[in-house]
Amino acid sequence: MEITIIDTGFANILSIKKAVEFLGFNPMVTTDPLVISKGKHLILPGVGAFGHVMSHIKKSRIDNAIQEALVNPKNRILGICLGMQLLAESSEEGIFEPGLGLIKGISKKISDSNEIKVPHVGFNSISQTQDSQLLKDIPSDYNFYFLHSYALVPENTPSTVATVKYGQLITSVVEHNNQVYGTQFHPEKSQKTGLKVISNFLKI
Amino acid sequence: MLKKRIIFSLLYKDGMFCLSRNFRLQEIGDIEWLMKSYSFEEISGSIDELIILNVGFKENSKKRFFSDIDRIIKNFFVPITIGGNVRSLNDAREYFLAGADKISLNTLYIENEIVATEISRVYGSQAVVASIDYKKISTDSGDIYRIYENESERIEIDLLHQIKKVQELGCGELLIRSIANDGTGNGLDLELLSYIPSNLLTVPLIFAGGIGKSEHMETGLSNSGIDAVCTANLLNFINQGLVRARKELELKDLPISQISY
């Protein structure tokens with residue numbers, strides 16, 4: 001099994017690497033488009049502002065490499081937090097750069113109010129809305145760690161398999177065509193049950 | 001529902017983990033002492049986040065700081081904030097590479113607003129915690145609250161002004177700490193919350209200074225203005241202290257995540 005963690009230049013790579021290693025695997029961390037294009041399980045982590053990270057991804061030709069890897073229908077990608085938003089077509093955050101376009105939709109700022117402070121920070125319980133490969137054997141009201149100001153709004157709701165309530169309903173897990181997966185929360189920061197989500201992805 | 005958080009904080013100075021009392025540091029032990037006194041793999045199931053602050057000044061201690069962090073966060077799957085001595089975008093980058101999900105900025109908001117704003121722009125607001133330490137000063141015309149950049153130079157800034165400013169400059173969370181209550185173990189300065197107009201806070205508030213036992217966490221977590229409580233009391237929660245505190249709090253009717261079963 002080849003697990004490739006994509007180093008976008010901004011993300012906290014260490015946490016996801018440690019998580020995958022804890023599960024007993026030996027992931028490769030890389031910026032090399034050639035390596036990425038041959039990855040079977042790609043993981044796209046995310047700290048950073050959408051525009052900055054996307055422009056780095058384009059410059060490093062990581063976007064083409066991801067497209068190339070996904071030509072093989074057996075290869076998969078998991079986007080985490082900003083990584084999930086990068087799967088979308090674009091974002092309202094920062095300098096304008098189109099996203100990877102693997103999921104139809106855009107990333108929008110969470111609307112704040114008196115009760116709702118932005119960013120959305122902390123453990124929050126998700127609601128599964130459809131069958132899910134990532135959430136297999138996860139307790140239905142489990143709390144995952146969220147840390148974000150923007151959220152992916154998919155154009156086709158069938159991609160959304162779980163939501164989270166924070167003022168509005170926010171897409172918390174996406175699964176698309178058995179190839180493209182994303183979690184808005186950080187499974188690698190959500191205690192040991194969070195690691196189960198990563199383990200589920202690696203088993204797909 | 002979004003849960004409130006219990007945060008543990010470590011103060012690190014040139015190789016030693018410290019206890020702070022009214023912002024005077026007392027060195028307690030090095031990494032070997034810390035690893036003997038706390039099982040981080042175990043307490044990762046009892047806290048929602050960890051904050052590690054480097055309050056040392058020796059440039060050459062950085063390498064040791066990072067290798068000590070490595071040992072603490074091995075098999076530790078909760079969010080980590082690292083702070084202290086961030087002066088440039090590159091300092092921030094080094095902390096993210098060392099395993100930080102967020103970085104905390106304090107003096108930078110006073111010394112260099114441009115760099116502070118740039119860090120939020122590049123890494124996103126959610127990755128930046130603004131840390132503010134304050135003191136209450138009683139005057140004839142009532143109480144005023146000031147923040148101090150440096151106790152010896154006494155650069156005094158109005159607390160409310162600073163809270164407004166750091167949010168405008170793009171921080172994603174506020175970590176506010178009472179210097180008077182710090183390390184006393186006598187409880188949080190909840191009076192402050194009635195002094196801060198509620199519409200002034202648009203980002204989550206982490207409140208610190210004075211927590212010495214789980215009851216103090218409970219009072220903080222029951223307060224509608226507080227999103228997270230933080231303690232850096234290295235001795236009161238030693239060994240199984242954090243595990244016990246979490247178990248006690250989970251039995252109460254508090255909006256926290258049930259993780260310690």
# chains A, B, ... in the order shown; residues from 1 in each chain; ligands from 1

call {"tool": "interface_residues", "arguments": {"of": "chain B", "to": "chain A", "cutoff": "7 Å", "atoms": "only C-alpha atoms", "output": "PyMOL selection string"}}
result
chain B and resi 1-5+45+77-79+96-97+99-101+121-124+126+172+202-204+257

call {"tool": "write_last_selection", "arguments": {"atoms": "N, CA and C atoms", "output": "short mmCIF file (atom, residue, chain, number, x, y, z; two decimals), in the first residue's frame"}}
result
data_model
loop_
_atom_site.label_atom_id
_atom_site.label_comp_id
_atom_site.auth_asym_id
_atom_site.auth_seq_id
_atom_site.Cartn_x
_atom_site.Cartn_y
_atom_site.Cartn_z
N MET B 1 -23.64 19.81 18.85
CA MET B 1 -23.35 21.05 19.56
C MET B 1 -21.84 21.20 19.79
N LEU B 2 -21.38 22.43 19.62
CA LEU B 2 -19.95 22.67 19.87
C LEU B 2 -19.68 22.60 21.37
N LYS B 3 -18.63 21.85 21.73
CA LYS B 3 -18.30 21.67 23.13
C LYS B 3 -17.28 22.71 23.59
N LYS B 4 -17.27 22.96 24.90
CA LYS B 4 -16.23 23.82 25.46
C LYS B 4 -14.99 22.97 25.72
N ARG B 5 -13.88 23.65 25.85
CA ARG B 5 -12.60 22.92 25.91
C ARG B 5 -11.85 23.09 27.22
N GLY B 45 -6.26 11.83 26.43
CA GLY B 45 -7.67 11.47 26.52
C GLY B 45 -8.41 12.27 27.58
N PHE B 77 -2.77 12.68 20.12
CA PHE B 77 -3.60 13.06 18.98
C PHE B 77 -4.66 14.10 19.33
N VAL B 78 -4.22 15.18 19.93
CA VAL B 78 -5.09 16.34 20.16
C VAL B 78 -4.37 17.59 19.63
N PRO B 79 -5.12 18.67 19.43
CA PRO B 79 -4.53 19.86 18.82
C PRO B 79 -3.46 20.51 19.70
N PHE B 96 4.89 25.55 13.08
CA PHE B 96 3.96 24.66 12.37
C PHE B 96 4.66 23.36 11.97
N LEU B 97 5.90 23.47 11.53
CA LEU B 97 6.66 22.27 11.14
C LEU B 97 6.93 21.38 12.35
N GLY B 99 4.91 20.75 14.61
CA GLY B 99 3.71 20.02 14.99
C GLY B 99 2.57 20.90 15.48
N ALA B 100 2.72 22.22 15.37
CA ALA B 100 1.66 23.12 15.84
C ALA B 100 0.50 23.15 14.85
N ASP B 101 -0.72 23.11 15.40
CA ASP B 101 -1.91 23.36 14.59
C ASP B 101 -2.22 24.84 14.61
N ARG B 121 -2.82 35.96 7.45
CA ARG B 121 -3.17 35.95 6.01
C ARG B 121 -2.66 34.68 5.33
N VAL B 122 -1.46 34.25 5.72
CA VAL B 122 -0.84 33.09 5.08
C VAL B 122 -1.39 31.77 5.64
N TYR B 123 -1.51 31.70 6.96
CA TYR B 123 -1.92 30.43 7.58
C TYR B 123 -3.41 30.38 7.91
N GLY B 124 -4.10 31.50 7.76
CA GLY B 124 -5.52 31.57 8.11
C GLY B 124 -5.70 32.00 9.56
N GLN B 126 -7.73 30.94 11.74
CA GLN B 126 -7.97 29.83 12.68
C GLN B 126 -6.67 29.30 13.27
N GLY B 172 -7.62 34.36 15.44
CA GLY B 172 -8.79 33.49 15.39
C GLY B 172 -9.31 33.11 16.77
N THR B 202 -15.56 38.64 18.98
CA THR B 202 -16.12 37.97 17.81
C THR B 202 -15.44 36.63 17.58
N VAL B 203 -14.37 36.34 18.33
CA VAL B 203 -13.67 35.06 18.20
C VAL B 203 -13.76 34.33 19.54
N PRO B 204 -13.53 33.00 19.55
CA PRO B 204 -13.62 32.25 20.80
C PRO B 204 -12.64 32.74 21.87
N SER B 257 -16.89 17.66 25.79
CA SER B 257 -16.88 16.41 25.07
C SER B 257 -16.62 15.26 26.06
#

call {"tool": "select_by_dssp", "arguments": {"residues": "region 204-246 of chain B", "states": "strand (DSSP E or B)", "output": "list in words"}}
result
Leu205, Ile206, Phe207, Ala208, Ala228, Val229, Cys230 and Thr231 of chain B

call {"tool": "select_by_dssp", "arguments": {"residues": "region 70-254 of chain B", "states": "helix (DSSP H, G or I)", "output": "JSON, numbers by chain"}}
result
{"B": [70, 71, 72, 73, 89, 90, 91, 92, 93, 94, 95, 96, 97, 108, 109, 110, 111, 113, 114, 115, 116, 117, 118, 119, 120, 121, 122, 123, 125, 126, 127, 159, 160, 161, 162, 163, 164, 165, 166, 167, 168, 191, 192, 193, 194, 195, 198, 199, 200, 214, 215, 216, 217, 218, 219, 220, 221, 241, 242, 243, 244, 245, 246, 247, 248, 249, 250, 251]}

call {"tool": "atom_distance", "arguments": {"atom1": "CA of Phe185 (chain A)", "atom2": "CA of Ala208 (chain B)"}}
result
25.6 Å

call {"tool": "residues_around", "arguments": {"residues": "Leu102 (chain A)", "least_positions_apart": "2", "cutoff": "7 Å", "atoms": "only C-alpha atoms", "output": "ChimeraX atom specification"}}
result
/A:87-88,100,104

call {"tool": "atom_distance", "arguments": {"atom1": "CA of Ile80 (chain B)", "atom2": "CA of Val128 (chain B)"}}
result
11.7 Å

call {"tool": "residues_around", "arguments": {"residues": "region 56-71 of chain B", "least_positions_apart": "3", "cutoff": "6 Å", "atoms": "only C-alpha atoms", "output": "list in words"}}
result
Lys13, Asp14 and Lys74 of chain B

call {"tool": "write_last_selection", "arguments": {"atoms": "N, CA and C atoms", "output": "PDB file, in the first residue's frame"}}
result
ATOM      1  N   LYS B  13      11.230  27.118  29.530  1.00  0.00           N
ATOM      2  CA  LYS B  13      12.261  28.156  29.499  1.00  0.00           C
ATOM      3  C   LYS B  13      13.633  27.498  29.470  1.00  0.00           C
ATOM      4  N   ASP B  14      14.299  27.649  28.361  1.00  0.00           N
ATOM      5  CA  ASP B  14      15.669  27.155  28.207  1.00  0.00           C
ATOM      6  C   ASP B  14      15.881  25.750  28.783  1.00  0.00           C
ATOM      7  N   LYS B  74       4.550  12.713  20.819  1.00  0.00           N
ATOM      8  CA  LYS B  74       4.555  11.383  20.220  1.00  0.00           C
ATOM      9  C   LYS B  74       3.298  10.654  20.726  1.00  0.00           C
TER      10      LYS B  74
END

call {"tool": "residues_around", "arguments": {"residues": "Asn177 (chain A)", "least_positions_apart": "6", "cutoff": "12 Å", "atoms": "only C-alpha atoms", "output": "list of chain:residue names"}}
result
A:Leu70, A:Pro73, A:Lys74, A:Asn75, A:Arg76, A:Ile77, A:Leu102, A:Ile103, A:Ser132, A:Gln133, A:Pro158, A:Ser159, A:Thr160

call {"tool": "closest_residue", "arguments": {"among": "B:Lys213, B:Ile110, B:Ile82, B:Gly15", "to": "Ile238 (chain B)", "atoms": "only C-alpha atoms"}}
result
B:Lys213

call {"tool": "residues_around", "arguments": {"residues": "region 221-234 of chain B", "least_positions_apart": "4", "cutoff": "8 Å", "atoms": "only C-alpha atoms", "output": "PyMOL selection string"}}
result
chain B and resi 4-11+18-20+183+185+193+198+204-212+217+238+254-255

call {"tool": "write_last_selection", "arguments": {"atoms": "C-alpha atoms", "output": "mmCIF file, in the first residue's frame"}}
result
data_model
loop_
_atom_site.group_PDB
_atom_site.id
_atom_site.type_symbol
_atom_site.label_atom_id
_atom_site.label_comp_id
_atom_site.auth_asym_id
_atom_site.auth_seq_id
_atom_site.Cartn_x
_atom_site.Cartn_y
_atom_site.Cartn_z
ATOM 1 C CA LYS B 4 -16.229 23.818 25.456
ATOM 2 C CA ARG B 5 -12.600 22.916 25.908
ATOM 3 C CA ILE B 6 -10.211 22.080 28.725
ATOM 4 C CA ILE B 7 -6.694 23.113 27.785
ATOM 5 C CA PHE B 8 -3.420 22.281 29.488
ATOM 6 C CA SER B 9 -0.471 24.563 29.004
ATOM 7 C CA LEU B 10 3.264 24.015 29.473
ATOM 8 C CA LEU B 11 5.681 26.869 30.081
ATOM 9 C CA CYS B 18 8.169 26.095 34.761
ATOM 10 C CA LEU B 19 5.464 27.082 37.151
ATOM 11 C CA SER B 20 4.434 30.686 36.871
ATOM 12 C CA GLY B 183 -0.418 30.507 39.526
ATOM 13 C CA GLY B 185 -4.692 28.331 42.339
ATOM 14 C CA LEU B 193 -16.062 39.096 31.895
ATOM 15 C CA SER B 198 -20.098 40.940 24.863
ATOM 16 C CA PRO B 204 -13.621 32.254 20.800
ATOM 17 C CA LEU B 205 -12.272 33.098 24.266
ATOM 18 C CA ILE B 206 -9.830 30.911 26.177
ATOM 19 C CA PHE B 207 -9.665 32.106 29.775
ATOM 20 C CA ALA B 208 -6.684 31.434 32.050
ATOM 21 C CA GLY B 209 -5.049 32.406 35.304
ATOM 22 C CA GLY B 210 -5.856 30.935 38.696
ATOM 23 C CA ILE B 211 -7.149 27.429 37.997
ATOM 24 C CA GLY B 212 -5.941 25.164 40.799
ATOM 25 C CA MET B 217 -12.598 24.659 35.596
ATOM 26 C CA ILE B 238 0.588 16.284 38.239
ATOM 27 C CA LEU B 254 -21.271 20.732 31.413
ATOM 28 C CA PRO B 255 -21.069 21.276 27.643
#

call {"tool": "residues_around", "arguments": {"residues": "Ile176 (chain B)", "least_positions_apart": "3", "cutoff": "6 Å", "atoms": "only C-alpha atoms", "output": "short mmCIF file (atom, residue, chain, number, x, y, z; two decimals) with N, CA and C atoms, in the first residue's frame"}}
result
data_model
loop_
_atom_site.label_atom_id
_atom_site.label_comp_id
_atom_site.auth_asym_id
_atom_site.auth_seq_id
_atom_site.Cartn_x
_atom_site.Cartn_y
_atom_site.Cartn_z
N SER B 131 -2.54 36.03 22.50
CA SER B 131 -2.44 35.84 23.94
C SER B 131 -2.25 37.20 24.61
N ILE B 132 -3.09 37.48 25.59
CA ILE B 132 -3.06 38.78 26.25
C ILE B 132 -3.06 38.59 27.77
N ASP B 133 -2.13 39.25 28.46
CA ASP B 133 -2.04 39.17 29.91
C ASP B 133 -2.43 40.53 30.49
N PHE B 207 -9.91 31.30 28.59
CA PHE B 207 -9.67 32.11 29.78
C PHE B 207 -8.71 31.36 30.71
#

call {"tool": "closest_residue", "arguments": {"among": "B:Ser141, B:Arg24, B:Thr81, B:Leu235", "to": "Ala180 (chain B)", "atoms": "only C-alpha atoms"}}
result
B:Arg24

call {"tool": "atom_distance", "arguments": {"atom1": "CA of Ala151 (chain A)", "atom2": "CA of Ile110 (chain A)"}}
result
6.5 Å
